[in-house]
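Colleague: Quick one: this structure, given as structure tokens, is what I'll be asking you about.
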Amino acid sequence: MVEDLRWLGIEWSEGPDCGGPYAPYAQNERRTHYLDAWRRLRDGGFIYPCTCSRKDLALAATAPNDTDDEPIYPGNCRGRTDAASFAEPKGVNWRFRVPDEEQIAFTDSNLGPQRYIPGRDFGDFLVWRRDDVPAYQLAVVADDAAMQIREVVRGSDLLKSTARQLLLIRALGYPQPDYFHCDLVRDSSGARLAKRHDALSIRHLRESGMTPAQVIEMAHTPGAR
């Protein structure tokens, strides 16, 4: 991926391939940081252990409002109060208890004001998986805080994830970055490009003989994708 982005002409001053002030933020340091965040959430009463199986969730979960989002958690384990008895997160899933009906609002630098209602737009979400790996929402919040990220740029399909992450940021007392959500690149039918569209991946287009300029022009030309 890094190689393909450089071929396309995108440059960066720090990152996994060229170091920077946070290059020492290695795997063992990240895990320590993740565990510290988990403990703070546990001690603050923001999270609870969840033993629901996929079958349990499939039978009881409420469908999301859009096809790209996860089902709303039905709350089977929400009443558990034994979080403090766990010295480590492994062995069970851990969910963040969202404040139902509280409006989560932020202004996106590209798409303007955004508002979501926990309990309606999304439910209690995973912060740690039973196989002892931090879930996406917690990992990116902890990484952004550790690396002092001040602006997050990503696709508009993650707007609702931003609302979830703002809850984590508030609970952990982290500084809130600015957000810029880009419009998604879509195919001729309007569906967003994903791994199933390998024929339109940068690597495939590169190997087909296209130049970087042609790829960029195609991405900016309506109907050309």
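As shown in the structure tokens, the chain order sets the letters A, B, ...; within each chain, residues go from 1, and ligands are also counted from 1 in the order they appear.
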Env of segment 172-175 of chain A: 8 Å cut, atoms = only C-alpha atoms, seq-sep filter 4 positions within chain, self excluded. Answer as a list in words.
Modeller: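 So, after excluding close chain neighbours, the residues are Ala37, Arg40, Leu41, Ala145 and Leu168 of chain A.
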Colleague: As JSON, numbers by chain, please: every residue in segment 59-167 of chain A that DSSP puts in alpha helix (DSSP H).
Modeller: {"A": [59, 60, 136, 137, 138, 139, 140, 141, 142, 143, 144, 145, 146, 159, 160, 161, 162, 163, 164, 165, 166, 167]}
Colleague: Which polymer residues have any atom within 10 Å of an atom of segment 156-165 of chain A, counting only C-alpha atoms, with same-chain residues fewer than 2 positions away left out, as an MDAnalysis selection string?
Modeller: chainID A and resid 66 68:69 96 98 103:106 108 110:111 114:118 121:125 136:142 152:154 167:171 176 179:184 192
Colleague: Please measure the separation of atom CA of Leu126 of chain A and atom CA of Asp143 of chain A, giving the value in Å to one decimal.
Modeller: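 Rounded to one decimal, the two atoms are 16.6 Å apart.
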Colleague: DSSP on the backbone: which residues in segment 42-188 of chain A end up as strand (DSSP E or B)? Give the answer as a VMD selection string.
Modeller: chain A and resid 47 to 50 62 72 93 to 96 104 to 108 112 to 116 118 122 125 to 129 133 to 134 151 to 155 178 to 182 186
Colleague: With a distance cut-off of 12 Å and only C-alpha atoms, select the neighbouring residues of segment 79-88 of chain A, excluding the residue or stretch itself and same-chain residues fewer than 6 positions from it, and output the selection as JSON, numbers by chain.
Modeller: {"A": [32, 34, 35, 36, 37, 38, 39, 40, 41, 42, 43, 44, 45, 46, 47, 48, 49, 50, 51, 94, 95, 96, 97, 124, 128, 129, 130, 131, 132, 133, 134]}
Colleague: Store the residues of this selection in a file with C-alpha atoms, as an mmCIF file, in the first residue's frame.
Modeller:
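The result, stored in part-v7.cif:
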data_model
loop_
_atom_site.group_PDB
_atom_site.id
_atom_site.type_symbol
_atom_site.label_atom_id
_atom_site.label_comp_id
_atom_site.auth_asym_id
_atom_site.auth_seq_id
_atom_site.Cartn_x
_atom_site.Cartn_y
_atom_site.Cartn_z
ATOM 1 C CA THR A 32 0.583 -0.722 27.225
ATOM 2 C CA TYR A 34 -4.321 0.387 25.041
ATOM 3 C CA LEU A 35 -4.424 -1.428 28.392
ATOM 4 C CA ASP A 36 -4.130 1.853 30.259
ATOM 5 C CA ALA A 37 -7.133 3.179 28.324
ATOM 6 C CA TRP A 38 -9.093 -0.011 29.026
ATOM 7 C CA ARG A 39 -8.391 0.258 32.770
ATOM 8 C CA ARG A 40 -9.479 3.877 32.852
ATOM 9 C CA LEU A 41 -12.723 3.004 31.094
ATOM 10 C CA ARG A 42 -13.265 0.047 33.445
ATOM 11 C CA ASP A 43 -12.555 2.093 36.567
ATOM 12 C CA GLY A 44 -14.820 4.893 35.347
ATOM 13 C CA GLY A 45 -17.740 2.513 34.833
ATOM 14 C CA PHE A 46 -17.933 3.208 31.094
ATOM 15 C CA ILE A 47 -17.535 -0.376 29.884
ATOM 16 C CA TYR A 48 -18.838 -3.817 30.779
ATOM 17 C CA PRO A 49 -17.940 -7.433 29.948
ATOM 18 C CA CYS A 50 -20.080 -9.086 27.284
ATOM 19 C CA THR A 51 -20.357 -12.838 26.752
ATOM 20 C CA TRP A 94 -15.945 -5.426 26.352
ATOM 21 C CA ARG A 95 -18.555 -2.888 25.298
ATOM 22 C CA PHE A 96 -18.864 0.842 25.866
ATOM 23 C CA ARG A 97 -22.179 1.757 27.492
ATOM 24 C CA ASP A 124 -23.112 -0.193 22.854
ATOM 25 C CA TRP A 128 -11.925 -4.928 23.401
ATOM 26 C CA ARG A 129 -12.338 -8.370 21.868
ATOM 27 C CA ARG A 130 -12.376 -11.669 23.718
ATOM 28 C CA ASP A 131 -9.184 -12.757 21.890
ATOM 29 C CA ASP A 132 -7.355 -9.980 23.798
ATOM 30 C CA VAL A 133 -7.134 -7.446 20.995
ATOM 31 C CA PRO A 134 -8.393 -3.845 21.291
#
Colleague: For a test of reading the model, state the distance in Å between atom CA of Met147 of chain A and atom CA of Leu8 of chain A, rounded to one decimal.
Modeller: 26.0 Å
Colleague: Could you check how far atom CA of Glu101 of chain A sits from atom CA of Asp178 of chain A, in Å to one decimal?
Modeller: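 These two atoms are separated by 23.8 Å.
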